>>> print(open('data18.pdb').read())   # PDB, C-alpha atoms
ATOM      1  CA  MET A   1      17.284   4.569 -21.335
ATOM      2  CA  SER A   2      13.908   6.250 -21.108
ATOM      3  CA  LEU A   3      11.876   6.594 -17.974
ATOM      4  CA  ALA A   4       8.206   5.559 -18.218
ATOM      5  CA  LEU A   5       6.007   8.421 -17.056
ATOM      6  CA  SER A   6       2.709   6.574 -17.013
ATOM      7  CA  VAL A   7       1.162   3.123 -16.930
ATOM      8  CA  PRO A   8      -2.004   1.961 -18.639
ATOM      9  CA  SER A   9      -4.993   1.324 -16.403
ATOM     10  CA  SER A  10      -8.434  -0.190 -16.796
ATOM     11  CA  VAL A  11     -11.544   1.447 -15.360
ATOM     12  CA  ILE A  12     -14.909  -0.108 -14.575
ATOM     13  CA  THR A  13     -17.564   1.171 -16.953
ATOM     14  CA  ALA A  14     -20.555   3.156 -15.764
ATOM     15  CA  SER A  15     -22.904   0.487 -17.080
ATOM     16  CA  ALA A  16     -21.040  -2.305 -15.258
ATOM     17  CA  ALA A  17     -20.986  -0.328 -11.995
ATOM     18  CA  SER A  18     -24.713   0.359 -12.340
ATOM     19  CA  LEU A  19     -25.513  -3.285 -13.133
ATOM     20  CA  ALA A  20     -23.574  -4.460 -10.056
ATOM     21  CA  CYS A  21     -25.557  -2.044  -7.855
ATOM     22  CA  GLN A  22     -28.862  -3.162  -9.334
ATOM     23  CA  ALA A  23     -28.037  -6.845  -8.812
ATOM     24  CA  ALA A  24     -27.042  -6.215  -5.194
ATOM     25  CA  ILE A  25     -30.362  -4.429  -4.636
ATOM     26  CA  ALA A  26     -32.275  -7.333  -6.221
ATOM     27  CA  HIS A  27     -30.550  -9.765  -3.855
ATOM     28  CA  ALA A  28     -31.356  -7.548  -0.863
ATOM     29  CA  GLU A  29     -35.005  -7.516  -1.899
ATOM     30  CA  ALA A  30     -34.970 -11.335  -1.998
ATOM     31  CA  LEU A  31     -33.470 -11.344   1.517
ATOM     32  CA  GLY A  32     -36.035  -8.832   2.754
ATOM     33  CA  ILE A  33     -33.458  -6.222   3.785
ATOM     34  CA  ARG A  34     -32.849  -2.606   2.762
ATOM     35  CA  ILE A  35     -29.342  -1.656   1.712
ATOM     36  CA  ASN A  36     -27.084   1.008   0.329
ATOM     37  CA  VAL A  37     -24.632  -0.185  -2.325
ATOM     38  CA  ALA A  38     -21.592   1.542  -3.771
ATOM     39  CA  VAL A  39     -19.112   0.711  -6.517
ATOM     40  CA  THR A  40     -15.743   2.433  -6.797
ATOM     41  CA  ASP A  41     -13.070   2.337  -9.436
ATOM     42  CA  ALA A  42      -9.616   0.989  -8.622
ATOM     43  CA  SER A  43      -8.565   4.327  -7.114
ATOM     44  CA  GLY A  44     -11.502   4.211  -4.695
ATOM     45  CA  THR A  45     -13.445   6.952  -6.471
ATOM     46  CA  LEU A  46     -17.197   6.438  -6.419
ATOM     47  CA  ALA A  47     -18.485   5.111  -9.754
ATOM     48  CA  ALA A  48     -22.081   4.170  -8.825
ATOM     49  CA  PHE A  49     -24.365   4.253  -5.805
ATOM     50  CA  LEU A  50     -27.927   3.124  -5.061
ATOM     51  CA  ARG A  51     -29.975   3.451  -1.892
ATOM     52  CA  MET A  52     -33.120   1.442  -1.266
ATOM     53  CA  PRO A  53     -36.005   3.409   0.245
ATOM     54  CA  HIS A  54     -35.710   3.493   4.046
ATOM     55  CA  ALA A  55     -32.227   1.956   4.103
ATOM     56  CA  PHE A  56     -30.262   3.184   7.106
ATOM     57  CA  LEU A  57     -28.896   6.668   6.497
ATOM     58  CA  HIS A  58     -25.659   5.961   8.342
ATOM     59  CA  SER A  59     -25.118   2.994   6.024
ATOM     60  CA  ILE A  60     -24.624   5.322   3.052
ATOM     61  CA  ASP A  61     -21.084   6.213   4.073
ATOM     62  CA  ILE A  62     -20.407   2.699   5.370
ATOM     63  CA  ALA A  63     -21.248   1.174   1.962
ATOM     64  CA  ILE A  64     -19.030   3.699   0.183
ATOM     65  CA  ASP A  65     -16.189   3.067   2.631
ATOM     66  CA  LYS A  66     -16.512  -0.717   2.280
ATOM     67  CA  ALA A  67     -16.124  -0.371  -1.497
ATOM     68  CA  TYR A  68     -13.188   2.023  -0.964
ATOM     69  CA  THR A  69     -11.493  -0.383   1.463
ATOM     70  CA  ALA A  70     -11.951  -3.404  -0.820
ATOM     71  CA  ALA A  71     -10.699  -1.433  -3.825
ATOM     72  CA  SER A  72      -7.691  -0.048  -2.001
ATOM     73  CA  PHE A  73      -6.464  -3.340  -0.531
ATOM     74  CA  GLY A  74      -7.754  -5.798  -3.145
ATOM     75  CA  PHE A  75      -9.327  -8.302  -0.759
ATOM     76  CA  PRO A  76     -12.724  -8.692   0.970
ATOM     77  CA  THR A  77     -13.295  -6.519   4.023
ATOM     78  CA  SER A  78     -14.368  -9.685   5.868
ATOM     79  CA  GLN A  79     -10.713 -10.793   5.909
ATOM     80  CA  TRP A  80      -9.629  -7.972   8.220
ATOM     81  CA  PRO A  81     -10.360  -9.732  11.550
ATOM     82  CA  ASP A  82      -7.966 -12.563  10.641
ATOM     83  CA  ILE A  83      -5.323 -10.125   9.406
ATOM     84  CA  LEU A  84      -5.565  -7.986  12.538
ATOM     85  CA  ALA A  85      -5.694 -10.902  14.982
ATOM     86  CA  GLY A  86      -1.976 -11.603  14.871
ATOM     87  CA  ASP A  87      -0.723  -8.054  15.393
ATOM     88  CA  GLU A  88      -1.856  -6.116  18.465
ATOM     89  CA  ALA A  89      -0.503  -2.753  17.319
ATOM     90  CA  LEU A  90      -2.121  -3.151  13.915
ATOM     91  CA  ARG A  91      -5.399  -4.298  15.513
ATOM     92  CA  LEU A  92      -5.492  -1.219  17.724
ATOM     93  CA  GLY A  93      -4.274   1.346  15.225
ATOM     94  CA  LEU A  94      -5.430   0.427  11.743
ATOM     95  CA  PRO A  95      -9.198   0.495  12.403
ATOM     96  CA  LEU A  96      -8.798   4.124  13.517
ATOM     97  CA  ARG A  97      -7.852   5.128   9.976
ATOM     98  CA  PRO A  98     -10.582   7.144   8.261
ATOM     99  CA  ARG A  99     -12.656   5.215   5.718
ATOM    100  CA  LEU A 100     -11.159   1.806   6.598
ATOM    101  CA  VAL A 101     -13.860  -0.803   7.237
ATOM    102  CA  VAL A 102     -12.785  -4.000   9.000
ATOM    103  CA  PHE A 103     -15.970  -6.083   8.760
ATOM    104  CA  GLY A 104     -17.769  -7.861   5.919
ATOM    105  CA  GLY A 105     -19.666  -6.351   3.027
ATOM    106  CA  GLY A 106     -16.914  -5.060   0.751
ATOM    107  CA  LEU A 107     -15.451  -7.049  -2.143
ATOM    108  CA  PRO A 108     -12.795  -6.178  -4.710
ATOM    109  CA  ILE A 109     -13.765  -6.124  -8.373
ATOM    110  CA  ALA A 110     -11.283  -7.793 -10.731
ATOM    111  CA  SER A 111     -11.587  -9.230 -14.212
ATOM    112  CA  ASN A 112      -8.960 -11.467 -15.823
ATOM    113  CA  GLY A 113      -6.452 -10.459 -13.166
ATOM    114  CA  VAL A 114      -7.072  -6.733 -13.700
ATOM    115  CA  HIS A 115      -8.077  -4.779 -10.586
ATOM    116  CA  LEU A 116     -11.100  -2.611 -11.453
ATOM    117  CA  GLY A 117     -12.447  -1.421  -8.087
ATOM    118  CA  GLY A 118     -14.642  -2.455  -5.205
ATOM    119  CA  ILE A 119     -18.270  -2.984  -4.265
ATOM    120  CA  GLY A 120     -19.592  -2.231  -0.802
ATOM    121  CA  VAL A 121     -22.960  -2.978   0.760
ATOM    122  CA  SER A 122     -24.371  -1.854   4.105
ATOM    123  CA  GLY A 123     -27.755  -2.336   5.727
ATOM    124  CA  GLY A 124     -27.947  -5.988   6.715
ATOM    125  CA  SER A 125     -25.655  -8.236   8.717
ATOM    126  CA  ALA A 126     -22.063  -8.462   7.509
ATOM    127  CA  GLU A 127     -22.905 -11.835   5.929
ATOM    128  CA  GLN A 128     -26.016 -10.475   4.178
ATOM    129  CA  ASP A 129     -24.087  -7.448   2.960
ATOM    130  CA  GLU A 130     -21.353  -9.650   1.500
ATOM    131  CA  ALA A 131     -23.953 -11.893  -0.173
ATOM    132  CA  CYS A 132     -25.496  -8.826  -1.820
ATOM    133  CA  ALA A 133     -22.058  -7.608  -2.937
ATOM    134  CA  ARG A 134     -21.311 -11.062  -4.329
ATOM    135  CA  ALA A 135     -24.596 -10.940  -6.291
ATOM    136  CA  GLY A 136     -23.342  -7.684  -7.807
ATOM    137  CA  LEU A 137     -20.142  -9.383  -8.930
ATOM    138  CA  GLN A 138     -22.030 -12.376 -10.290
ATOM    139  CA  ALA A 139     -24.165 -10.070 -12.423
ATOM    140  CA  LEU A 140     -20.899  -8.946 -14.052
ATOM    141  CA  GLY A 141     -19.848 -12.548 -14.644
ATOM    142  CA  LEU A 142     -17.165 -12.377 -11.950
TER
END
>>> encode(input="data18.pdb", output="structure tokens")
Amino acid sequence: MSLALSVPSSVITASAASLACQAAIAHAEALGIRINVAVTDASGTLAAFLRMPHAFLHSIDIAIDKAYTAASFGFPTSQWPDILAGDEALRLGLPLRPRLVVFGGGLPIASNGVHLGGIGVSGGSAEQDEACARAGLQALGL
């Protein structure tokens, strides 16, 4: 019996990560907001980032952390309030974890059941941010 020492993994391409960022920016322009947008690979490592002129500076790290959170858990960051609502200890403790974002604007990236990463947007309302992130996914055909 041999022990497997590795597993194959898929990684989002640089061109796909860039396209998702550009599409999110285009959607933000249509909404009249200024955003920061980040795409990570499945491990949460930054793969692409774009910042619109005059987008909030503090939103840079928030966008990156939204992508990181969505990539690391595999579900939209907007789902956290429902998840946390039923568990007081979790609700009080989990949001204190560094880089964990528990409000909308981060979406996982998956293709044909393969987890590729996350996209995070910050600069508008949580709903606007998620709409921009969704536009990024749609540009990839997801």
>>> resolve_selection(input="data18.pdb", expression="the PyMOL selection byres ((chain A and resi 33) around 9)", output="short mmCIF file (atom, residue, chain, number, x, y, z; two decimals) with C-alpha atoms, in the frame of the given file")
data_model
loop_
_atom_site.label_atom_id
_atom_site.label_comp_id
_atom_site.auth_asym_id
_atom_site.auth_seq_id
_atom_site.Cartn_x
_atom_site.Cartn_y
_atom_site.Cartn_z
CA HIS A 27 -30.55 -9.76 -3.86
CA ALA A 28 -31.36 -7.55 -0.86
CA GLU A 29 -35.01 -7.52 -1.90
CA ALA A 30 -34.97 -11.34 -2.00
CA LEU A 31 -33.47 -11.34 1.52
CA GLY A 32 -36.03 -8.83 2.75
CA ARG A 34 -32.85 -2.61 2.76
CA ILE A 35 -29.34 -1.66 1.71
CA ALA A 55 -32.23 1.96 4.10
CA GLY A 123 -27.76 -2.34 5.73
CA GLY A 124 -27.95 -5.99 6.72
CA GLN A 128 -26.02 -10.48 4.18
#
>>> closest_residue(input="data18.pdb", among="A:Val101, A:Val114, A:Met1, A:Val121", to="Phe49 of chain A", atoms="only C-alpha atoms")
A:Val121
>>> atom_distance(input="data18.pdb", atom1="atom CA of Ala23 of chain A", atom2="atom CA of Leu100 of chain A")
24.4 Å
>>> atom_distance(input="data18.pdb", atom1="atom CA of Gly120 of chain A", atom2="atom CA of Leu19 of chain A")
13.7 Å
>>> atom_distance(input="data18.pdb", atom1="atom CA of Ser2 of chain A", atom2="atom CA of Ala42 of chain A")
27.1 Å
>>> resolve_selection(input="data18.pdb", expression="the PyMOL selection byres ((chain A and resi 67) around 9)", output="list in words")
Val37, Ala38, Val39, Thr40, Asp41, Gly44, Leu46, Ile62, Ala63, Ile64, Asp65, Lys66, Tyr68, Thr69, Ala70, Ala71, Ser72, Thr77, Gly105, Gly106, Leu107, Pro108, Gly117, Gly118, Ile119, Gly120 and Val121 of chain A
>>> closest_residue(input="data18.pdb", among="A:Leu92, A:Leu57, A:Ala47, A:Ala85", to="Ile12 of chain A", atoms="only C-alpha atoms")
A:Ala47
>>> decode(input="data18.pdb", residues="segment 57-82 of chain A", atoms="N, CA and C atoms", output="JSON list (two decimals), in the first residue's frame")
[["chain", "number", "residue", "atom", "x", "y", "z"],
["A", 57, "LEU", "N", -9.45, 54.00, 0.61],
["A", 57, "LEU", "CA", -8.18, 53.33, 0.89],
["A", 57, "LEU", "C", -8.37, 52.14, 1.84],
["A", 58, "HIS", "N", -9.20, 52.31, 2.84],
["A", 58, "HIS", "CA", -9.41, 51.22, 3.80],
["A", 58, "HIS", "C", -10.06, 50.01, 3.12],
["A", 59, "SER", "N", -10.75, 50.24, 2.02],
["A", 59, "SER", "CA", -11.42, 49.16, 1.30],
["A", 59, "SER", "C", -10.45, 48.25, 0.55],
["A", 60, "ILE", "N", -9.20, 48.66, 0.42],
["A", 60, "ILE", "CA", -8.21, 47.79, -0.23],
["A", 60, "ILE", "C", -8.12, 46.48, 0.52],
["A", 61, "ASP", "N", -7.80, 46.55, 1.80],
["A", 61, "ASP", "CA", -7.66, 45.33, 2.60],
["A", 61, "ASP", "C", -8.99, 44.60, 2.77],
["A", 62, "ILE", "N", -10.08, 45.35, 2.83],
["A", 62, "ILE", "CA", -11.39, 44.70, 2.99],
["A", 62, "ILE", "C", -11.71, 43.85, 1.76],
["A", 63, "ALA", "N", -11.45, 44.37, 0.56],
["A", 63, "ALA", "CA", -11.70, 43.61, -0.67],
["A", 63, "ALA", "C", -10.84, 42.34, -0.69],
["A", 64, "ILE", "N", -9.57, 42.48, -0.34],
["A", 64, "ILE", "CA", -8.68, 41.32, -0.32],
["A", 64, "ILE", "C", -9.17, 40.29, 0.70],
["A", 65, "ASP", "N", -9.58, 40.76, 1.87],
["A", 65, "ASP", "CA", -10.05, 39.84, 2.91],
["A", 65, "ASP", "C", -11.39, 39.21, 2.57],
["A", 66, "LYS", "N", -12.25, 39.91, 1.83],
["A", 66, "LYS", "CA", -13.50, 39.29, 1.38],
["A", 66, "LYS", "C", -13.20, 38.14, 0.42],
["A", 67, "ALA", "N", -12.28, 38.36, -0.52],
["A", 67, "ALA", "CA", -11.90, 37.29, -1.44],
["A", 67, "ALA", "C", -11.28, 36.12, -0.68],
["A", 68, "TYR", "N", -10.42, 36.42, 0.28],
["A", 68, "TYR", "CA", -9.77, 35.40, 1.12],
["A", 68, "TYR", "C", -10.82, 34.59, 1.89],
["A", 69, "THR", "N", -11.79, 35.27, 2.49],
["A", 69, "THR", "CA", -12.83, 34.60, 3.26],
["A", 69, "THR", "C", -13.68, 33.70, 2.36],
["A", 70, "ALA", "N", -14.09, 34.22, 1.21],
["A", 70, "ALA", "CA", -14.91, 33.42, 0.29],
["A", 70, "ALA", "C", -14.13, 32.22, -0.24],
["A", 71, "ALA", "N", -12.85, 32.42, -0.52],
["A", 71, "ALA", "CA", -12.02, 31.31, -1.01],
["A", 71, "ALA", "C", -11.83, 30.26, 0.08],
["A", 72, "SER", "N", -11.62, 30.72, 1.30],
["A", 72, "SER", "CA", -11.28, 29.77, 2.36],
["A", 72, "SER", "C", -12.47, 28.96, 2.86],
["A", 73, "PHE", "N", -13.68, 29.51, 2.77],
["A", 73, "PHE", "CA", -14.86, 28.78, 3.23],
["A", 73, "PHE", "C", -15.71, 28.23, 2.09],
["A", 74, "GLY", "N", -15.58, 28.79, 0.90],
["A", 74, "GLY", "CA", -16.31, 28.27, -0.25],
["A", 74, "GLY", "C", -17.76, 28.69, -0.36],
["A", 75, "PHE", "N", -18.14, 29.74, 0.36],
["A", 75, "PHE", "CA", -19.50, 30.28, 0.22],
["A", 75, "PHE", "C", -19.44, 31.80, 0.33],
["A", 76, "PRO", "N", -20.50, 32.50, -0.14],
["A", 76, "PRO", "CA", -20.50, 33.96, -0.13],
["A", 76, "PRO", "C", -20.38, 34.52, 1.29],
["A", 77, "THR", "N", -19.65, 35.61, 1.42],
["A", 77, "THR", "CA", -19.50, 36.24, 2.73],
["A", 77, "THR", "C", -20.83, 36.75, 3.25],
["A", 78, "SER", "N", -21.79, 36.99, 2.39],
["A", 78, "SER", "CA", -23.12, 37.45, 2.82],
["A", 78, "SER", "C", -23.88, 36.39, 3.61],
["A", 79, "GLN", "N", -23.44, 35.15, 3.59],
["A", 79, "GLN", "CA", -24.11, 34.09, 4.32],
["A", 79, "GLN", "C", -23.72, 34.05, 5.80],
["A", 80, "TRP", "N", -22.68, 34.76, 6.18],
["A", 80, "TRP", "CA", -22.22, 34.70, 7.56],
["A", 80, "TRP", "C", -23.25, 35.12, 8.60],
["A", 81, "PRO", "N", -24.03, 36.19, 8.40],
["A", 81, "PRO", "CA", -25.01, 36.54, 9.45],
["A", 81, "PRO", "C", -25.96, 35.40, 9.80],
["A", 82, "ASP", "N", -26.44, 34.67, 8.80],
["A", 82, "ASP", "CA", -27.33, 33.54, 9.06],
["A", 82, "ASP", "C", -26.60, 32.41, 9.78]]
